[in-house]
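This report concerns only the one structure given below.
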Number of protein chains: 2
Amino acid sequence: MAVTIKDVARLAGVSQSSVCRALADPARVRPETRERVERAARELGYHPNRVARSLITGRTGNIGVVLPDLANPFFPTVVKSIQTRARGFDYAVFLSDTDEDPAVEVPAIRALAKQVDGFLLCSPRATDEDLRSFAGEKPIVVLNRRITPFPSVTADNADGMRQVVAHLHALGHRDVAYVAGPRTSWSNRDRLRGLRAATAARGMTLVEAGNVAPTVDGGAAAADLVLAAPVTAVLAYNDLVALGLIKRFQARGVVVPEQLSVVGFDDILVAGLVGPPLTTVAIGKEQIGRVGVDLLLELMADRDSTGTARRVLPTQLIVRGSTGPAFR
Amino acid sequence: MAVTIKDVARLAGVSQSSVCRALADPARVRPETRERVERAARELGYHPNRVARSLITGRTGNIGVVLPDLANPFFPTVVKSIQTRARGFDYAVFLSDTDEDPAVEVPAIRALAKQVDGFLLCSPRATDEDLRSFAGEKPIVVLNRRITPFPSVTADNADGMRQVVAHLHALGHRDVAYVAGPRTSWSNRDRLRGLRAATAARGMTLVEAGNVAPTVDGGAAAADLVLAAPVTAVLAYNDLVALGLIKRFQARGVVVPEQLSVVGFDDILVAGLVGPPLTTVAIGKEQIGRVGVDLLLELMADRDSTGTARRVLPTQLIVRGSTGPAFR
DNA sequence: TTGAAAGCGTTACCAG
DNA sequence: CTGGTAACGCTTTCAA
């Protein structure tokens, strides 16, 4: 059996209360008592049961992280930074991967609700309505999506798109395509919105290709649609989709970027390693996680802070491979 | 405040006990009672508090997953399969990333110990001694490492190396190098062991290059050492190291694979996307997670099963880019 | 400064 | 089949 506070109390010859105090707030007991308790605890290898503690305090010391797909390299990076930051504040992390299924999200959150002090929802796919049903229940910070009344951490997608469009325009491109990600993705909608504005501002034409899964296969599936359109460059929802496009383009004998420029989004590790290297938009992934944790901690501290912070992190175009039609 | 079993009991006009039974084992109450309880629970939106339950049952419904580095694409894949499998059995997953620091591992496990029913340790970096200190405390299944007295799930590294060496030998290679991963990695030791045996069996020479971090940067750091050695092919501890080698080789003007063949291990997604494509050894990453969960569930069920299962999963050479010196 | 006791929400046990 | 009550391990009053 596990060693409990009672065992420590017995060995130290004091009451449970004193053990509790000695360990939680050493200043509230006599030095001598503290000494005896500490020795007994060490001897027995006592570690307080956080589960039992949470029952009385209402605090669990855990935070729940829900995300759509760990197989997308974007998310592990975010999770890692969350985990690292959380550990620094002695919080443990529950992880739930919903496999891009909006229907799984609500039950997943519900299942964790009683064991966490708050949630970090990464790119949640559920409807606004479903997500709002959790408002007021537990502190929630949303990453990569903006939805009232939750605090959010997002990337400046519009500015990223502006940078991409400026770059492509300078290279001589006038007709571009966008391969959209999941309809349920706020980032997708935000990026498309920014892209539309940016292309319109420069009088460029924009062809939109259907919604695809945010994966390499999703990108490959949309490649032929893009080739059928009169464009010289294609922007993908994210890097994985971009890589899928390139893969299929190469299979069809289209030379990238000479014949067709491809631009991704996210700047996942692989973007810099593939050949041809992928031009993309970098997001501070570690920062998203870190800021998200900080916001959540704040929210969990003052329970009734309005907590409508909307942190928008900068994006940065990373030029690697794209060339313009002028050089063809 | 959250709705408790008492609220349901009051509304349904029955005792706590009946509510508990009606929800846990509907067959043990009168259909009419069951009906009333279920309606009351639904009406109030009651969800049992798993924390409180675990206090009395001793079961938490959680499993802890500890791994060295989520930034290594190998692990997210494993975690995803663990998470998916665990969800199927209604288990939630605690995730702890130790950042390749052996010293963090023991405290990380200790911190989670009270809130989980068992552990899945992925490629643990701690010493055998430290890990054994947990024997008997909680069910533990170790992935990617073999260590008594824990059940384990590993890949057949030796056979993978055998396949690689046979392939390289057939291509005409006789002198190869190995860039070792972390000294603390069992997989690294196991792969090196297999490689030594395989090269010795064919009378090939093997040059071993220092231990590096299992990252792209680690690989890049070892590249020049490899170039200084009289070899025609180099095997890397894993794909990330292989990609780092290639990156640096290209920077030094060495053409891969014509001038130097590079082989990785793990077959992470990016291996098939880079140019030149990476020859590597595939491991059933999803299978590792799945089998690990199954083994752990078994272990958690019969508390005193010896549980010394050692599942070794097959590996498969994936030939993509490597060529032999004969074609130079 | 310390000890006794209540209570967190649930399940398990024992009468009825 | 049902209700009352103890118990899980801890923190937090409340007295002493």
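Scheme for the structure tokens: letters A, B, ... for chains in order shown; per-chain residue numbers from 1; ligand numbers from 1 in order shown.
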Practice prompt. Check the DSSP output for the backbone and give back, as a ChimeraX atom specification, the residues of range 102-280 of chain A in strand (DSSP E).
Written response: /A:118-122,140-143,152-155,175-179,205-209,233-236,261-263,280
Limited to N, CA, C and O atoms, could you put the picked residues into a file as a short mmCIF file (atom, residue, chain, number, x, y, z; two decimals), in the first residue's frame?
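Written file, out-v3.cif:
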```
data_model
loop_
_atom_site.label_atom_id
_atom_site.label_comp_id
_atom_site.auth_asym_id
_atom_site.auth_seq_id
_atom_site.Cartn_x
_atom_site.Cartn_y
_atom_site.Cartn_z
N GLY A 118 -8.03 23.71 -15.93
CA GLY A 118 -8.30 24.56 -17.08
C GLY A 118 -7.91 23.86 -18.37
O GLY A 118 -7.24 22.82 -18.35
N PHE A 119 -8.32 24.45 -19.47
CA PHE A 119 -8.06 23.85 -20.78
C PHE A 119 -7.30 24.76 -21.71
O PHE A 119 -7.49 25.98 -21.69
N LEU A 120 -6.48 24.14 -22.52
CA LEU A 120 -5.86 24.80 -23.65
C LEU A 120 -6.40 24.08 -24.87
O LEU A 120 -6.07 22.91 -25.13
N LEU A 121 -7.26 24.74 -25.61
CA LEU A 121 -7.82 24.11 -26.80
C LEU A 121 -7.04 24.58 -28.02
O LEU A 121 -7.10 25.75 -28.40
N CYS A 122 -6.31 23.64 -28.63
CA CYS A 122 -5.51 23.98 -29.80
C CYS A 122 -6.33 23.77 -31.05
O CYS A 122 -6.75 22.65 -31.34
N ILE A 140 -10.76 28.42 -19.86
CA ILE A 140 -10.37 27.90 -21.17
C ILE A 140 -9.64 28.97 -21.95
O ILE A 140 -10.10 30.11 -22.02
N VAL A 141 -8.50 28.59 -22.52
CA VAL A 141 -7.81 29.48 -23.44
C VAL A 141 -7.77 28.76 -24.78
O VAL A 141 -7.45 27.58 -24.85
N VAL A 142 -8.12 29.48 -25.82
CA VAL A 142 -8.18 28.88 -27.15
C VAL A 142 -6.97 29.31 -27.97
O VAL A 142 -6.63 30.49 -28.02
N LEU A 143 -6.32 28.34 -28.60
CA LEU A 143 -5.17 28.64 -29.44
C LEU A 143 -5.55 28.47 -30.90
O LEU A 143 -6.29 27.56 -31.27
N SER A 152 -7.71 34.21 -26.30
CA SER A 152 -7.14 33.44 -27.40
C SER A 152 -5.71 33.83 -27.72
O SER A 152 -5.27 34.94 -27.40
N VAL A 153 -5.00 32.91 -28.31
CA VAL A 153 -3.67 33.18 -28.82
C VAL A 153 -3.68 32.74 -30.28
O VAL A 153 -3.91 31.58 -30.58
N THR A 154 -3.46 33.69 -31.16
CA THR A 154 -3.47 33.34 -32.58
C THR A 154 -2.26 33.93 -33.27
O THR A 154 -1.56 34.78 -32.72
N ALA A 155 -2.02 33.45 -34.48
CA ALA A 155 -0.96 34.02 -35.29
C ALA A 155 -1.58 35.06 -36.21
O ALA A 155 -2.76 34.99 -36.53
N ASP A 175 -1.53 35.55 -60.96
CA ASP A 175 -2.64 34.60 -60.79
C ASP A 175 -2.22 33.47 -59.86
O ASP A 175 -1.32 32.70 -60.18
N VAL A 176 -2.90 33.41 -58.74
CA VAL A 176 -2.52 32.41 -57.74
C VAL A 176 -3.71 31.57 -57.29
O VAL A 176 -4.86 31.98 -57.45
N ALA A 177 -3.38 30.41 -56.75
CA ALA A 177 -4.44 29.53 -56.24
C ALA A 177 -4.26 29.33 -54.74
O ALA A 177 -3.15 29.50 -54.21
N TYR A 178 -5.34 29.01 -54.05
CA TYR A 178 -5.25 28.66 -52.63
C TYR A 178 -5.90 27.30 -52.43
O TYR A 178 -7.03 27.07 -52.85
N VAL A 179 -5.18 26.41 -51.81
CA VAL A 179 -5.75 25.10 -51.49
C VAL A 179 -6.16 25.13 -50.03
O VAL A 179 -5.31 25.17 -49.13
N THR A 205 -5.59 37.77 -59.36
CA THR A 205 -6.71 36.83 -59.36
C THR A 205 -6.40 35.68 -58.42
O THR A 205 -5.25 35.26 -58.27
N LEU A 206 -7.48 35.19 -57.78
CA LEU A 206 -7.32 34.12 -56.81
C LEU A 206 -8.27 32.97 -57.12
O LEU A 206 -9.48 33.16 -57.19
N VAL A 207 -7.72 31.80 -57.34
CA VAL A 207 -8.54 30.61 -57.57
C VAL A 207 -8.54 29.79 -56.29
O VAL A 207 -7.47 29.52 -55.72
N GLU A 208 -9.71 29.42 -55.81
CA GLU A 208 -9.77 28.64 -54.57
C GLU A 208 -10.09 27.19 -54.85
O GLU A 208 -11.10 26.87 -55.49
N ALA A 209 -9.24 26.33 -54.37
CA ALA A 209 -9.46 24.89 -54.58
C ALA A 209 -10.03 24.29 -53.30
O ALA A 209 -9.62 24.65 -52.20
N ALA A 233 1.28 30.35 -59.32
CA ALA A 233 1.72 30.05 -57.95
C ALA A 233 0.54 29.51 -57.16
O ALA A 233 -0.61 29.84 -57.44
N VAL A 234 0.86 28.69 -56.17
CA VAL A 234 -0.21 28.15 -55.34
C VAL A 234 0.17 28.26 -53.87
O VAL A 234 1.29 27.93 -53.48
N LEU A 235 -0.77 28.75 -53.08
CA LEU A 235 -0.57 28.84 -51.64
C LEU A 235 -1.37 27.72 -51.00
O LEU A 235 -2.54 27.50 -51.33
N ALA A 236 -0.73 27.03 -50.08
CA ALA A 236 -1.42 25.93 -49.42
C ALA A 236 -1.83 26.35 -48.02
O ALA A 236 -1.21 27.23 -47.41
N SER A 261 5.16 27.91 -58.60
CA SER A 261 5.65 28.19 -57.26
C SER A 261 4.67 27.67 -56.21
O SER A 261 3.47 27.74 -56.41
N VAL A 262 5.23 27.15 -55.13
CA VAL A 262 4.38 26.64 -54.06
C VAL A 262 4.80 27.30 -52.75
O VAL A 262 5.98 27.39 -52.44
N VAL A 263 3.81 27.76 -52.02
CA VAL A 263 4.09 28.38 -50.72
C VAL A 263 3.26 27.70 -49.63
O VAL A 263 2.07 27.44 -49.83
N THR A 280 7.63 29.47 -46.99
CA THR A 280 6.50 29.32 -46.07
C THR A 280 6.39 30.51 -45.13
O THR A 280 7.18 31.46 -45.23
#
```
Using only C-alpha atoms (C1' of nucleotides), select each residue of chain C with any atom at most 10 Å away from an atom of chain A, and give the selection as a PDB file with C-alpha atoms (C1' of nucleotides), in the first residue's frame.
```
ATOM      1  C1'  DT C   1       1.569  25.823  18.184  1.00  0.00           C
ATOM      2  C1'  DT C   2      -1.078  21.721  18.069  1.00  0.00           C
ATOM      3  C1'  DG C   3      -4.903  18.098  17.816  1.00  0.00           C
ATOM      4  C1'  DA C   4      -9.603  16.627  16.780  1.00  0.00           C
ATOM      5  C1'  DG C   7     -15.887  17.355   4.821  1.00  0.00           C
ATOM      6  C1'  DC C   8     -14.643  17.021  -0.426  1.00  0.00           C
ATOM      7  C1'  DG C   9     -17.747  13.206  -4.060  1.00  0.00           C
TER       8       DG C   9
END
```
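Using only C-alpha atoms, the part of chain A that sits within 7 Å of chain B is made up of Asn49, Arg50, Val51, Ala52, Leu55, Leu70, Ala71, Pro76, Thr77, Lys80, Gln83, Val93, Phe94, Leu95, Ser96, Asp97, Lys114, Gln115, Val270, Leu273, Val274 and Gly275 of chain A.
Around range 182-199 of chain A, within 7 Å and counting only C-alpha atoms (C1' of nucleotides), the residues found are Ser123, Arg125, Asn144, Arg145, Asn157, Ala158, Met161, Arg162, Val165, Ala180, Ala201, Arg202, Gly203, Met204, Thr205, Leu206, Asn211, Val212, Ala213, Pro214 and Tyr237 of chain A, once anything fewer than 2 positions away on its own chain is removed.
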Report as a tab-separated table: every residue of chain D with an atom at most 9 Å from chain A, its closest pair of atoms, and their distance in Å to one decimal, counting only C-alpha atoms (C1' of nucleotides), with rows sorted by chain and ascending residue number.
```
residue	atom	partner	partner_atom	distance
D:DC8	C1'	A:Ala52	CA	8.0
D:DG9	C1'	A:Ala52	CA	5.1
D:DC10	C1'	A:Arg53	CA	4.7
D:DT11	C1'	A:Ile56	CA	6.2
D:DT12	C1'	A:Ile56	CA	8.8
```
Practice prompt. Rounded to one decimal place, report the CA of Glu35 in chain A-CA of Ala12 in chain A distance in Å.
Written response: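 The value is 9.3 Å.
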Practice prompt. Among the residues of range 80-283 of chain B, find those DSSP assigns to alpha helix (DSSP H) from the backbone and print them as number ranges by chain.
Written response: B: 80-88, 102-113, 128-132, 157-171, 186-201, 216-227, 239-251
Fill in: Contacts of range 130-133 of chain B within 8 Å, only C-alpha atoms (C1' of nucleotides), excl. fewer than 2 positions in-chain, as a VMD selection string
chain B and resid 106 126 to 128 135 148 to 149
Worksheet item: With only C-alpha atoms as the basis for distance, which of A:Ala103, A:Ala229, A:Ala220, A:Leu171 is at the shortest distance from Gln250 in chain A?
Response: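 Closest residue, counting only C-alpha atoms: A:Ala220.
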Worksheet item: Can you list, as number ranges by chain, every protein, DNA or RNA residue that comes within 10 Å of DT5 in chain D when you count only C-alpha atoms (C1' of nucleotides), leaving out same-chain residues fewer than 2 positions away?
Response: C: 13-14; D: 3, 7
Worksheet entry | Interatomic distance, CA of Ala9 in chain B to CA of Arg36 in chain B (Å, one decimal) | 9.6 Å
Discussion item. Residues within 9 Å of Leu23 in chain A, please, as a PyMOL selection string. Count only C-alpha atoms (C1' of nucleotides); anything in the same chain fewer than 6 positions from it doesn't count.
Written reply: chain A and resi 34+37-38
Practice prompt. Find the distance between CA of Ala41 in chain A and C1' of DA6 in chain C and write it in Å to one decimal.
Written response: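 Pair CA of Ala41 in chain A / C1' of DA6 in chain C returns 25.0 Å.
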Practice prompt. Write out as JSON, numbers by chain each polymer residue whose atoms come within 7 Å of Leu317 in chain B, counting only C-alpha atoms (C1' of nucleotides); drop sequence neighbours fewer than 4 positions from it.
Written response: {"B": [160, 163, 164, 280, 281, 282]}
Export N, CA and C atoms of the chosen residues as a PDB file, in the first residue's frame?
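As a result, out.pdb now contains:
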```pdb
ATOM      1  N   GLY B 160      16.691  -5.044 -38.605  1.00  0.00           N
ATOM      2  CA  GLY B 160      16.690  -3.860 -39.465  1.00  0.00           C
ATOM      3  C   GLY B 160      18.091  -3.573 -39.964  1.00  0.00           C
ATOM      4  N   GLN B 163      19.187  -5.989 -42.579  1.00  0.00           N
ATOM      5  CA  GLN B 163      18.638  -5.663 -43.894  1.00  0.00           C
ATOM      6  C   GLN B 163      19.409  -4.526 -44.561  1.00  0.00           C
ATOM      7  N   VAL B 164      19.739  -3.536 -43.768  1.00  0.00           N
ATOM      8  CA  VAL B 164      20.478  -2.393 -44.310  1.00  0.00           C
ATOM      9  C   VAL B 164      21.845  -2.839 -44.816  1.00  0.00           C
ATOM     10  N   THR B 280      15.728   4.147 -45.446  1.00  0.00           N
ATOM     11  CA  THR B 280      15.606   4.040 -43.992  1.00  0.00           C
ATOM     12  C   THR B 280      14.998   2.705 -43.588  1.00  0.00           C
ATOM     13  N   VAL B 281      14.820   2.531 -42.296  1.00  0.00           N
ATOM     14  CA  VAL B 281      14.207   1.305 -41.798  1.00  0.00           C
ATOM     15  C   VAL B 281      12.889   1.676 -41.124  1.00  0.00           C
ATOM     16  N   ALA B 282      11.824   1.077 -41.604  1.00  0.00           N
ATOM     17  CA  ALA B 282      10.507   1.393 -41.054  1.00  0.00           C
ATOM     18  C   ALA B 282      10.213   0.571 -39.812  1.00  0.00           C
TER      19      ALA B 282
END
```
